[in-house]
file query_11.csv (CSV, C-alpha atoms)
chain,number,residue,atom,x,y,z
A,1,MET,CA,94.3,29.6,50.6
A,2,LYS,CA,97.9,30.5,51.7
A,3,ILE,CA,100.3,27.7,52.5
A,4,LYS,CA,103.5,28.6,54.4
A,5,ILE,CA,106.9,27.5,53.0
A,6,SER,CA,107.7,26.1,56.4
A,7,ASP,CA,104.7,23.8,56.1
A,8,HIS,CA,105.9,22.6,52.7
A,9,LEU,CA,109.3,21.9,54.1
A,10,ASN,CA,107.9,20.0,57.1
A,11,ALA,CA,105.8,17.9,54.7
A,12,MET,CA,108.8,17.1,52.6
A,13,LYS,CA,110.8,16.0,55.6
A,14,LYS,CA,108.0,13.6,56.6
A,15,ILE,CA,107.8,12.2,53.0
A,16,ILE,CA,111.6,11.6,52.9
A,17,THR,CA,111.5,9.8,56.3
A,18,LEU,CA,108.6,7.6,55.1
A,19,LEU,CA,110.4,6.9,51.8
A,20,PHE,CA,113.6,5.8,53.6
A,21,ILE,CA,111.7,3.5,55.9
A,22,SER,CA,109.7,2.0,53.0
A,23,LEU,CA,112.8,1.3,50.9
A,24,LEU,CA,114.4,-0.4,53.8
A,25,VAL,CA,111.4,-2.6,54.3
A,26,VAL,CA,111.2,-3.4,50.6
A,27,SER,CA,114.9,-4.1,50.4
A,28,CYS,CA,114.7,-6.4,53.4
A,29,GLY,CA,111.7,-8.4,52.1
A,30,ASN,CA,111.9,-8.5,48.3
A,31,SER,CA,111.4,-12.2,48.2
A,32,GLU,CA,111.4,-15.1,50.5
A,33,LYS,CA,114.5,-16.5,48.9
A,34,GLY,CA,116.5,-13.3,49.6
A,35,SER,CA,115.1,-12.6,53.1
A,36,LEU,CA,117.6,-11.9,55.8
A,37,GLU,CA,116.3,-14.7,57.9
A,38,GLU,CA,116.9,-17.3,55.2
A,39,ILE,CA,120.3,-16.0,54.3
A,40,ILE,CA,121.4,-16.0,57.9
A,41,LYS,CA,120.1,-19.6,58.4
A,42,THR,CA,122.3,-20.8,55.5
A,43,ASP,CA,125.4,-19.9,57.5
A,44,ASP,CA,126.9,-18.9,54.1
A,45,LEU,CA,129.4,-16.2,55.0
A,46,THR,CA,129.8,-15.1,51.4
A,47,ALA,CA,126.1,-14.6,50.9
A,48,ILE,CA,125.7,-12.8,54.2
A,49,LYS,CA,128.5,-10.3,53.3
A,50,SER,CA,127.0,-9.8,49.9
A,51,LYS,CA,123.6,-9.0,51.4
A,52,LYS,CA,125.2,-6.5,53.8
A,53,MET,CA,127.0,-4.8,50.9
A,54,GLU,CA,123.8,-4.5,49.0
A,55,LEU,CA,122.0,-2.9,51.9
A,56,SER,CA,124.9,-0.6,52.7
A,57,LYS,CA,124.9,0.7,49.1
A,58,GLN,CA,121.1,1.4,49.2
A,59,GLN,CA,121.6,3.2,52.5
A,60,SER,CA,124.4,5.4,51.1
A,61,GLU,CA,122.3,6.3,48.1
A,62,LEU,CA,119.3,7.3,50.3
A,63,THR,CA,121.6,9.3,52.6
A,64,ALA,CA,123.0,11.2,49.6
A,65,LYS,CA,119.5,12.0,48.4
A,66,ILE,CA,118.4,13.2,51.9
A,67,ASP,CA,121.5,15.5,52.0
A,68,GLN,CA,120.5,17.1,48.7
A,69,LEU,CA,117.0,17.7,50.0
A,70,ASP,CA,118.3,19.2,53.3
A,71,ALA,CA,120.5,21.6,51.3
A,72,ALA,CA,117.4,22.7,49.3
A,73,ILE,CA,115.4,23.1,52.5
A,74,ASP,CA,118.2,25.3,54.0
A,75,ARG,CA,118.3,27.4,50.9
A,76,LEU,CA,114.5,27.9,50.8
A,77,ASP,CA,113.7,28.2,54.6
A,78,PRO,CA,113.8,31.9,55.5
A,79,ASN,CA,113.8,31.1,59.2
A,80,LYS,CA,116.7,28.7,59.2
A,81,ASN,CA,119.3,31.1,60.5
A,82,LEU,CA,117.2,33.2,62.9
A,83,ALA,CA,118.3,33.5,66.5
A,84,LEU,CA,116.4,31.1,68.8
A,85,ILE,CA,114.8,32.6,71.9
A,86,ARG,CA,112.5,31.7,74.7
A,87,THR,CA,109.9,34.1,76.2
A,88,GLU,CA,107.9,34.5,79.3
A,89,VAL,CA,104.7,36.5,79.9
A,90,VAL,CA,105.3,39.4,82.4
A,91,ASN,CA,102.8,39.3,85.2
A,92,ASP,CA,102.2,41.4,88.3
A,93,THR,CA,102.7,39.7,91.6
A,94,VAL,CA,103.6,40.4,95.3
A,95,PHE,CA,107.3,41.0,95.7
A,96,ASN,CA,108.9,40.5,99.1
A,97,HIS,CA,112.4,41.5,100.0
A,98,TYR,CA,114.2,39.9,102.9
A,99,THR,CA,117.3,40.7,104.9
A,100,GLU,CA,119.1,37.6,106.0
A,101,VAL,CA,121.0,37.3,109.3
A,102,GLN,CA,122.6,34.3,110.9
A,103,GLY,CA,121.2,32.9,114.2
A,104,ASP,CA,121.5,29.9,116.5
A,105,VAL,CA,118.9,27.5,117.7
A,106,ALA,CA,118.4,27.4,121.4
A,107,THR,CA,116.1,26.4,124.2
A,108,LYS,CA,115.7,27.8,127.7
A,109,GLU,CA,115.2,24.3,129.0
A,110,ASN,CA,118.7,22.8,128.3
A,111,ILE,CA,120.5,22.5,131.6
A,112,LEU,CA,123.2,20.5,133.4
A,113,ILE,CA,122.0,19.0,136.7
A,114,TYR,CA,124.4,19.2,139.7
A,115,PRO,CA,124.0,17.5,143.1
A,116,GLU,CA,123.0,19.7,146.1
A,117,TYR,CA,124.5,17.2,148.6
A,118,SER,CA,127.9,15.6,149.0
A,119,GLY,CA,128.0,11.8,149.1
A,120,LEU,CA,128.0,8.5,147.3
A,121,LEU,CA,125.7,8.3,144.3
A,122,THR,CA,123.9,5.2,145.4
A,123,ARG,CA,121.2,4.9,142.7
A,124,VAL,CA,120.7,6.3,139.1
A,125,TYR,CA,117.1,5.7,138.0
A,126,VAL,CA,117.3,6.9,134.4
A,127,LYS,CA,119.4,6.3,131.3
A,128,GLU,CA,120.2,8.4,128.2
A,129,GLY,CA,117.2,9.0,126.0
A,130,ASP,CA,114.6,8.6,128.8
A,131,ARG,CA,111.7,11.0,128.8
A,132,VAL,CA,111.0,12.3,132.3
A,133,THR,CA,108.4,14.5,133.9
A,134,LYS,CA,108.8,17.5,136.2
A,135,GLY,CA,109.6,16.3,139.8
A,136,GLN,CA,110.5,12.8,138.8
A,137,THR,CA,113.3,11.1,140.8
A,138,LEU,CA,116.5,10.8,138.7
A,139,ALA,CA,119.1,9.7,141.3
A,140,LYS,CA,119.7,9.1,145.0
A,141,ILE,CA,122.7,10.2,147.1
A,142,ASP,CA,123.6,8.5,150.4
A,143,ASP,CA,122.4,10.7,153.2
A,144,GLY,CA,125.3,9.9,155.6
A,145,GLY,CA,123.0,9.2,158.5
A,146,LEU,CA,120.6,12.1,158.1
A,147,SER,CA,117.6,9.8,158.2
A,148,SER,CA,118.5,8.6,161.7
A,149,GLN,CA,119.1,12.1,162.9
A,150,LEU,CA,115.8,13.2,161.5
A,151,ALA,CA,114.0,10.3,163.3
A,152,GLN,CA,115.6,11.3,166.6
A,153,ILE,CA,114.8,15.0,166.3
A,154,GLU,CA,111.2,14.2,165.2
A,155,ALA,CA,110.8,12.2,168.5
A,156,GLN,CA,112.2,15.2,170.5
A,157,ALA,CA,109.9,17.6,168.6
A,158,SER,CA,106.9,15.3,169.3
A,159,LEU,CA,107.8,15.4,173.1
A,160,ALA,CA,108.3,19.1,173.0
A,161,LYS,CA,104.9,19.6,171.3
A,162,THR,CA,103.2,17.4,174.0
A,163,THR,CA,104.8,19.4,176.8
A,164,PHE,CA,103.9,22.7,175.2
A,165,ASP,CA,100.3,21.7,174.6
A,166,ARG,CA,99.9,20.7,178.3
A,167,GLN,CA,101.6,23.9,179.5
A,168,LYS,CA,99.4,25.9,177.2
A,169,ARG,CA,96.2,24.4,178.6
A,170,LEU,CA,97.4,25.2,182.2
A,171,TRP,CA,98.3,28.7,181.2
A,172,GLU,CA,94.8,29.2,179.7
A,173,GLN,CA,93.5,28.1,183.1
A,174,ASN,CA,95.8,30.6,184.9
A,175,ILE,CA,97.8,27.8,186.3
A,176,GLY,CA,101.6,28.0,186.3
A,177,SER,CA,103.9,30.9,185.4
A,178,GLU,CA,104.3,32.7,182.2
A,179,ILE,CA,107.9,31.9,182.0
A,180,GLN,CA,107.2,28.1,182.0
A,181,TYR,CA,104.7,28.6,179.1
A,182,LEU,CA,107.2,30.6,177.1
A,183,GLU,CA,110.0,28.2,177.7
A,184,THR,CA,108.0,25.2,176.5
A,185,LYS,CA,106.8,27.2,173.5
A,186,THR,CA,110.4,28.1,172.6
A,187,THR,CA,111.6,24.5,173.0
A,188,TYR,CA,108.8,23.2,170.8
A,189,GLU,CA,109.4,25.8,168.0
A,190,ALA,CA,113.2,25.1,168.1
A,191,ALA,CA,112.6,21.4,167.8
A,192,GLN,CA,110.2,21.9,164.9
A,193,ASN,CA,112.7,24.2,163.1
A,194,SER,CA,115.4,21.5,163.5
A,195,VAL,CA,113.0,18.9,161.9
A,196,ASN,CA,112.3,21.2,159.0
A,197,GLN,CA,116.0,21.9,158.4
A,198,LEU,CA,116.9,18.2,158.4
A,199,LYS,CA,114.0,17.4,156.1
A,200,SER,CA,115.3,20.1,153.7
A,201,GLN,CA,118.8,18.6,153.9
A,202,LEU,CA,117.5,15.1,153.4
A,203,GLY,CA,115.5,16.3,150.4
A,204,LYS,CA,118.7,17.3,148.7
A,205,THR,CA,119.9,13.7,148.6
A,206,THR,CA,117.1,13.0,146.1
A,207,VAL,CA,117.8,14.4,142.6
A,208,ARG,CA,114.6,15.4,140.8
A,209,ALA,CA,113.9,16.7,137.3
A,210,PRO,CA,113.3,20.5,137.4
A,211,PHE,CA,111.1,20.3,134.3
A,212,SER,CA,109.8,17.7,131.8
A,213,GLY,CA,112.2,16.7,129.1
A,214,VAL,CA,114.6,14.1,127.8
A,215,ILE,CA,117.8,12.8,129.6
A,216,ASP,CA,120.3,13.7,126.9
A,217,GLU,CA,123.4,12.5,128.8
A,218,VAL,CA,124.1,10.6,132.0
A,219,ILE,CA,127.4,12.1,133.2
A,220,SER,CA,128.1,10.6,136.6
A,221,ASP,CA,128.0,6.8,137.3
A,222,GLN,CA,126.3,5.0,140.1
A,223,GLY,CA,128.8,4.5,143.0
A,224,GLN,CA,130.7,7.7,142.3
A,225,VAL,CA,131.2,10.3,145.1
A,226,VAL,CA,129.7,13.6,144.0
A,227,SER,CA,129.8,17.1,145.4
A,228,PRO,CA,127.8,20.3,144.8
A,229,GLY,CA,129.2,22.5,142.1
A,230,GLN,CA,131.9,20.0,141.1
A,231,ASN,CA,130.2,16.9,139.6
A,232,GLN,CA,127.7,17.1,136.8
A,233,LEU,CA,125.0,14.4,137.0
A,234,PHE,CA,122.8,14.8,133.9
A,235,ARG,CA,122.0,16.9,130.9
A,236,LEU,CA,118.3,17.5,130.7
A,237,VAL,CA,116.8,19.0,127.5
A,238,ASN,CA,113.3,19.9,126.5
A,239,LEU,CA,112.9,20.2,122.7
A,240,ASP,CA,109.3,21.4,122.8
A,241,ASN,CA,110.0,25.1,123.3
A,242,MET,CA,112.7,25.9,120.7
A,243,TYR,CA,113.6,29.3,119.4
A,244,VAL,CA,116.2,31.0,117.2
A,245,GLN,CA,118.3,33.9,118.6
A,246,ALA,CA,119.9,36.2,116.0
A,247,SER,CA,121.8,39.5,115.9
A,248,VAL,CA,120.3,42.2,113.7
A,249,PRO,CA,122.1,45.4,112.5
A,250,GLU,CA,120.9,48.5,114.4
A,251,ASN,CA,119.7,50.2,111.2
A,252,TYR,CA,116.7,47.7,111.1
A,253,LEU,CA,115.6,48.8,114.6
A,254,ASN,CA,112.6,50.7,113.2
A,255,GLN,CA,111.5,47.9,111.0
A,256,ILE,CA,111.8,44.9,113.3
A,257,LYS,CA,109.1,44.8,116.0
A,258,THR,CA,107.5,42.2,118.2
A,259,GLY,CA,105.2,40.2,115.8
A,260,THR,CA,107.2,41.0,112.6
A,261,SER,CA,106.9,38.0,110.2
A,262,VAL,CA,110.1,36.1,109.5
A,263,ILE,CA,111.2,33.0,107.7
A,264,VAL,CA,113.7,30.7,109.4
A,265,GLU,CA,115.8,28.2,107.4
A,266,ILE,CA,117.8,25.4,109.0
A,267,GLY,CA,120.0,24.0,106.3
A,268,ALA,CA,121.4,21.0,108.3
A,269,ILE,CA,117.9,19.4,108.4
A,270,GLY,CA,116.5,21.0,105.3
A,271,LYS,CA,113.6,22.7,107.1
A,272,GLN,CA,112.0,26.1,106.7
A,273,PHE,CA,109.6,27.7,109.1
A,274,GLU,CA,107.4,30.8,109.1
A,275,GLY,CA,107.3,32.6,112.4
A,276,LYS,CA,107.1,35.9,114.2
A,277,VAL,CA,109.5,37.8,116.3
A,278,ARG,CA,108.6,37.2,119.9
A,279,GLN,CA,111.2,39.4,121.6
A,280,VAL,CA,113.3,42.3,120.5
A,281,GLY,CA,116.4,43.2,122.6
A,282,ASN,CA,116.7,46.6,124.3
A,283,PHE,CA,120.5,46.6,124.2
A,284,ILE,CA,122.8,47.6,121.3
A,285,ASN,CA,126.0,45.7,121.3
A,286,PRO,CA,128.7,48.3,121.0
A,287,ASN,CA,131.2,45.8,119.4
A,288,ASN,CA,129.1,45.0,116.3
A,289,ARG,CA,126.2,47.5,116.5
A,290,THR,CA,123.5,44.8,116.6
A,291,PHE,CA,120.5,44.0,118.8
A,292,GLN,CA,119.1,40.5,119.6
A,293,ILE,CA,115.8,39.0,118.5
A,294,GLU,CA,114.1,35.7,119.4
A,295,VAL,CA,111.9,33.8,117.0
A,296,ALA,CA,109.9,30.7,118.3
A,297,ILE,CA,109.9,27.7,116.0
A,298,PRO,CA,107.9,24.5,116.1
A,299,ASN,CA,109.6,21.1,116.6
A,300,GLU,CA,106.9,18.6,116.1
A,301,GLU,CA,109.2,16.0,114.6
A,302,GLY,CA,112.0,16.6,117.2
A,303,LEU,CA,114.6,17.3,114.4
A,304,VAL,CA,115.5,20.8,115.7
A,305,LYS,CA,118.3,20.6,118.1
A,306,PRO,CA,120.1,23.3,120.3
A,307,ASN,CA,123.0,25.1,118.7
A,308,LEU,CA,122.0,24.4,115.0
A,309,ILE,CA,122.8,27.3,112.7
A,310,ALA,CA,119.8,29.0,111.3
A,311,THR,CA,119.2,31.7,108.6
A,312,VAL,CA,116.6,34.3,109.6
A,313,LYS,CA,115.0,36.1,106.8
A,314,LEU,CA,113.5,39.4,107.9
A,315,ASN,CA,110.8,40.9,105.6
A,316,ASP,CA,111.9,44.5,105.3
A,317,TYR,CA,110.1,45.5,102.1
A,318,SER,CA,106.9,44.3,100.3
A,319,ALA,CA,105.2,45.5,97.1
A,320,GLU,CA,101.8,44.4,95.7
A,321,ASN,CA,101.1,44.3,92.0
A,322,ALA,CA,104.9,44.5,91.3
A,323,VAL,CA,106.5,43.5,88.0
A,324,VAL,CA,109.2,40.9,88.8
A,325,ILE,CA,111.6,39.4,86.3
A,326,PRO,CA,114.6,37.1,86.4
A,327,GLU,CA,117.8,38.9,87.2
A,328,ASN,CA,119.8,37.2,84.4
A,329,THR,CA,117.6,38.8,81.7
A,330,ILE,CA,118.9,42.3,82.5
A,331,GLN,CA,121.9,43.6,80.6
A,332,LYS,CA,123.9,46.8,81.1
A,333,ASN,CA,125.0,49.2,78.4
A,334,SER,CA,128.0,51.5,78.4
A,335,MET,CA,126.0,54.2,80.2
A,336,GLY,CA,125.2,51.8,83.0
A,337,GLU,CA,121.5,51.6,82.0
A,338,SER,CA,119.5,48.4,82.5
A,339,LEU,CA,118.2,46.8,79.3
A,340,VAL,CA,115.9,43.9,78.5
A,341,TYR,CA,114.5,42.5,75.3
A,342,ILE,CA,110.8,41.9,74.7
A,343,LEU,CA,109.2,40.1,71.8
A,344,GLU,CA,106.8,41.6,69.3
A,345,PRO,CA,105.3,38.5,67.7
A,346,GLU,CA,104.8,38.2,63.9
A,347,SER,CA,103.6,34.6,63.8
A,348,ASP,CA,103.4,31.6,66.1
A,349,SER,CA,107.1,30.9,65.6
A,350,THR,CA,108.7,34.2,64.7
A,351,GLY,CA,108.9,37.8,65.9
A,352,VAL,CA,111.0,40.9,66.4
A,353,ALA,CA,113.2,41.5,69.5
A,354,LYS,CA,112.7,45.0,70.9
A,355,ARG,CA,115.2,46.5,73.3
A,356,VAL,CA,113.6,48.3,76.3
A,357,LYS,CA,115.3,50.4,79.0
A,358,VAL,CA,114.0,49.5,82.5
A,359,GLU,CA,114.3,50.9,86.0
A,360,THR,CA,114.8,48.4,88.8
A,361,GLY,CA,114.0,48.4,92.5
A,362,TYR,CA,114.9,45.8,95.1
A,363,SER,CA,116.4,42.4,94.1
A,364,TYR,CA,116.1,39.2,96.1
A,365,GLY,CA,117.5,35.8,95.1
A,366,ALA,CA,117.3,35.5,91.3
A,367,SER,CA,114.5,38.0,90.9
A,368,VAL,CA,114.4,41.8,90.4
A,369,GLU,CA,111.6,44.3,90.9
A,370,VAL,CA,111.0,46.4,87.8
A,371,THR,CA,109.6,49.8,88.7
A,372,ASN,CA,109.4,51.3,85.1
A,373,GLY,CA,109.7,50.1,81.5
A,374,LEU,CA,107.7,46.9,81.6
A,375,LYS,CA,104.0,46.2,82.0
A,376,PRO,CA,102.0,43.0,82.6
A,377,GLY,CA,101.4,41.1,79.4
A,378,ASP,CA,104.8,41.9,77.8
A,379,LEU,CA,106.6,39.0,76.3
A,380,LEU,CA,110.0,39.1,78.0
A,381,ILE,CA,112.9,37.2,76.2
A,382,THR,CA,114.4,35.0,78.9
A,383,GLU,CA,116.8,32.9,76.8
A,384,GLY,CA,118.9,33.9,73.8
A,385,GLY,CA,118.9,37.6,74.4
A,386,LYS,CA,122.6,38.2,75.2
A,387,ASN,CA,123.6,38.7,71.5
A,388,LEU,CA,120.5,40.3,70.1
A,389,ARG,CA,120.2,43.6,68.4
A,390,ASP,CA,117.2,46.0,68.6
A,391,GLN,CA,114.6,45.1,66.0
A,392,GLN,CA,116.3,41.8,65.1
A,393,LYS,CA,114.1,39.1,63.8
A,394,VAL,CA,114.0,36.0,66.0
A,395,LYS,CA,112.6,32.5,66.1
A,396,ILE,CA,110.6,31.3,69.1
A,397,LYS,CA,111.5,27.9,70.6
A,398,ASN,CA,109.1,27.9,73.5

call {"tool": "encode", "arguments": {"input": "query_11.csv", "output": "structure tokens"}}
result
Amino acid sequence: MKIKISDHLNAMKKIITLLFISLLVVSCGNSEKGSLEEIIKTDDLTAIKSKKMELSKQQSELTAKIDQLDAAIDRLDPNKNLALIRTEVVNDTVFNHYTEVQGDVATKENILIYPEYSGLLTRVYVKEGDRVTKGQTLAKIDDGGLSSQLAQIEAQASLAKTTFDRQKRLWEQNIGSEIQYLETKTTYEAAQNSVNQLKSQLGKTTVRAPFSGVIDEVISDQGQVVSPGQNQLFRLVNLDNMYVQASVPENYLNQIKTGTSVIVEIGAIGKQFEGKVRQVGNFINPNNRTFQIEVAIPNEEGLVKPNLIATVKLNDYSAENAVVIPENTIQKNSMGESLVYILEPESDSTGVAKRVKVETGYSYGASVEVTNGLKPGDLLITEGGKNLRDQQKVKIKN
């Protein structure tokens, strides 16, 4: 039965540790008379100092013996000065490469609401943060007497309609002249058009939400005089239909299509989304040679806001059953070749480092695709490989 030297050494270390502990226990409890508790209780400073010196002397003697044993272990242990390394099993996996472009978060439903009628802002029905629905009344502007005018014209239109109806019945009975019929018809139609026009004007005095959303800002105060195109009333935002707009270099035009999978990262809120390109621009910007894309993103928690900066990762290369290794394990020689070290195990704790030349493909993040030189199952040296030599014996510290 073979017993390894390292096993002997480990056993010796354990025995020394147990011996040291046992001696301390014995020295601390030789007798009741000399116990630490009793000596301390006497409050005799001389006795306490004497006991401390005794224990310190015993500790020094044990430390010297341990140092002698450590020296013997260093001399006899063949693995003591071996380089320490860590390894990782090489596996095949799916490797995806992404091109990253910067984009901005936007929504098509983010508008400033202006008045359509000049007058005094008599009522503001909402406040900032209120959720409103499409068509809901937001504010009211003084109509300046339009309501009275409308009532008067509606009365005139009603009379014109009655006159026209009577004239029409007479005309159908061949009573009266055609000119009378046409005159009453024209008068009625003109009155009705005036009513419709005034109603349209009056409708502009009521400010309504063009879509459902949240009142992000109330800009004009109640009692303020407002005019079309000059005074902003509200900012209305809908955060349900958010998207990211980004500029992509023109050389990716053949790779980016409607439906291409992308990853969107928004660093400000620490969120990452998987999405698809929903629109690809048809115009190449001559200033920076890019085209626009849009990617819809969810916003269930309401954390995504317009104008946030986003990073769009476009999947421009994928490989199945690829060998992927950490980039920091690759070294370069004077010929510019890429080298890694793999382990050929000799035992559970030792082995030989073998230098291997590899060919690499795409790299992304901290990973590199290896196209030649490594195979699944190889033990790649991931730590401690910077100063190794080919065929050097090493110790594993996994």

call {"tool": "closest_residue", "arguments": {"input": "query_11.csv", "among": "A:Ile113, A:Leu84, A:Val277, A:Val89", "to": "A:Leu374", "atoms": "all atoms listed in the file"}}
result
A:Val89

call {"tool": "atom_distance", "arguments": {"input": "query_11.csv", "atom1": "atom CA of A:Ile85", "atom2": "atom CA of A:Lys332"}}
result
19.2 Å

call {"tool": "residues_around", "arguments": {"input": "query_11.csv", "residues": "stretch 341-357 of chain A", "least_positions_apart": "3", "cutoff": "6 Å", "atoms": "only C-alpha atoms", "output": "MDAnalysis selection string"}}
result
chainID A and resid 338 379:381 390:396

call {"tool": "closest_residue", "arguments": {"input": "query_11.csv", "among": "A:Glu172, A:Glu294, A:Glu154, A:Asp142", "to": "A:Val225", "atoms": "only C-alpha atoms"}}
result
A:Asp142

call {"tool": "closest_residue", "arguments": {"input": "query_11.csv", "among": "A:Gln156, A:Ser35, A:Gln292, A:Asn315", "to": "A:Asp104", "atoms": "all atoms listed in the file"}}
result
A:Gln292

call {"tool": "atom_distance", "arguments": {"input": "query_11.csv", "atom1": "atom CA of A:Leu120", "atom2": "atom CA of A:Glu217"}}
result
19.5 Å

call {"tool": "closest_residue", "arguments": {"input": "query_11.csv", "among": "A:Val105, A:Glu37, A:Glu100, A:Lys65", "to": "A:Lys51", "atoms": "all atoms listed in the file"}}
result
A:Glu37

call {"tool": "closest_residue", "arguments": {"input": "query_11.csv", "among": "A:Asn241, A:Ser147, A:Thr206, A:Thr163", "to": "A:Asn299", "atoms": "all atoms listed in the file"}}
result
A:Asn241

call {"tool": "residues_around", "arguments": {"input": "query_11.csv", "residues": "A:Ile266", "least_positions_apart": "2", "cutoff": "8 Å", "atoms": "all atoms listed in the file", "output": "ChimeraX atom specification"}}
result
/A:264,268-272,308-311

call {"tool": "write_last_selection", "arguments": {"input": "query_11.csv", "atoms": "C-alpha atoms", "output": "PDB file, in the coordinates of the input"}}
result
ATOM      1  CA  VAL A 264     113.700  30.700 109.400  1.00  0.00           C
ATOM      2  CA  ALA A 268     121.400  21.000 108.300  1.00  0.00           C
ATOM      3  CA  ILE A 269     117.900  19.400 108.400  1.00  0.00           C
ATOM      4  CA  GLY A 270     116.500  21.000 105.300  1.00  0.00           C
ATOM      5  CA  LYS A 271     113.600  22.700 107.100  1.00  0.00           C
ATOM      6  CA  GLN A 272     112.000  26.100 106.700  1.00  0.00           C
ATOM      7  CA  LEU A 308     122.000  24.400 115.000  1.00  0.00           C
ATOM      8  CA  ILE A 309     122.800  27.300 112.700  1.00  0.00           C
ATOM      9  CA  ALA A 310     119.800  29.000 111.300  1.00  0.00           C
ATOM     10  CA  THR A 311     119.200  31.700 108.600  1.00  0.00           C
TER      11      THR A 311
END

call {"tool": "residues_around", "arguments": {"input": "query_11.csv", "residues": "A:Phe234", "least_positions_apart": "6", "cutoff": "10 Å", "atoms": "all atoms listed in the file", "output": "list of chain:residue names"}}
result
A:Ile111, A:Leu112, A:Ile113, A:Tyr114, A:Pro115, A:Val126, A:Lys127, A:Glu128, A:Leu138, A:Ala139, A:Ala209, A:Ile215, A:Asp216, A:Glu217, A:Val218, A:Ile219, A:Ser220

call {"tool": "atom_distance", "arguments": {"input": "query_11.csv", "atom1": "atom CA of A:Glu274", "atom2": "atom CA of A:Leu314"}}
result
10.6 Å

call {"tool": "residues_around", "arguments": {"input": "query_11.csv", "residues": "A:Leu146", "least_positions_apart": "5", "cutoff": "8 Å", "atoms": "only C-alpha atoms", "output": "JSON, numbers by chain"}}
result
{"A": [198, 201, 202]}

call {"tool": "residues_around", "arguments": {"input": "query_11.csv", "residues": "A:Asp316", "least_positions_apart": "6", "cutoff": "9 Å", "atoms": "all atoms listed in the file", "output": "list in words"}}
result
Asn96, His97, Tyr98, Thr99, Tyr252, Gln255 and Ile256 of chain A

call {"tool": "closest_residue", "arguments": {"input": "query_11.csv", "among": "A:Thr382, A:Thr360, A:Asn238, A:Ser148", "to": "A:Lys108", "atoms": "only C-alpha atoms"}}
result
A:Asn238

call {"tool": "residues_near_point", "arguments": {"input": "query_11.csv", "point": "(102.3, 40.0, 83.4)", "cutoff": "9 Å", "atoms": "all atoms listed in the file", "output": "mmCIF file with C-alpha atoms, keeping the file's coordinate frame"}}
result
data_model
loop_
_atom_site.group_PDB
_atom_site.id
_atom_site.type_symbol
_atom_site.label_atom_id
_atom_site.label_comp_id
_atom_site.auth_asym_id
_atom_site.auth_seq_id
_atom_site.Cartn_x
_atom_site.Cartn_y
_atom_site.Cartn_z
ATOM 1 C CA GLU A 88 107.900 34.500 79.300
ATOM 2 C CA VAL A 89 104.700 36.500 79.900
ATOM 3 C CA VAL A 90 105.300 39.400 82.400
ATOM 4 C CA ASN A 91 102.800 39.300 85.200
ATOM 5 C CA ASP A 92 102.200 41.400 88.300
ATOM 6 C CA THR A 93 102.700 39.700 91.600
ATOM 7 C CA VAL A 323 106.500 43.500 88.000
ATOM 8 C CA VAL A 324 109.200 40.900 88.800
ATOM 9 C CA LEU A 374 107.700 46.900 81.600
ATOM 10 C CA LYS A 375 104.000 46.200 82.000
ATOM 11 C CA PRO A 376 102.000 43.000 82.600
ATOM 12 C CA GLY A 377 101.400 41.100 79.400
ATOM 13 C CA ASP A 378 104.800 41.900 77.800
ATOM 14 C CA LEU A 379 106.600 39.000 76.300
#
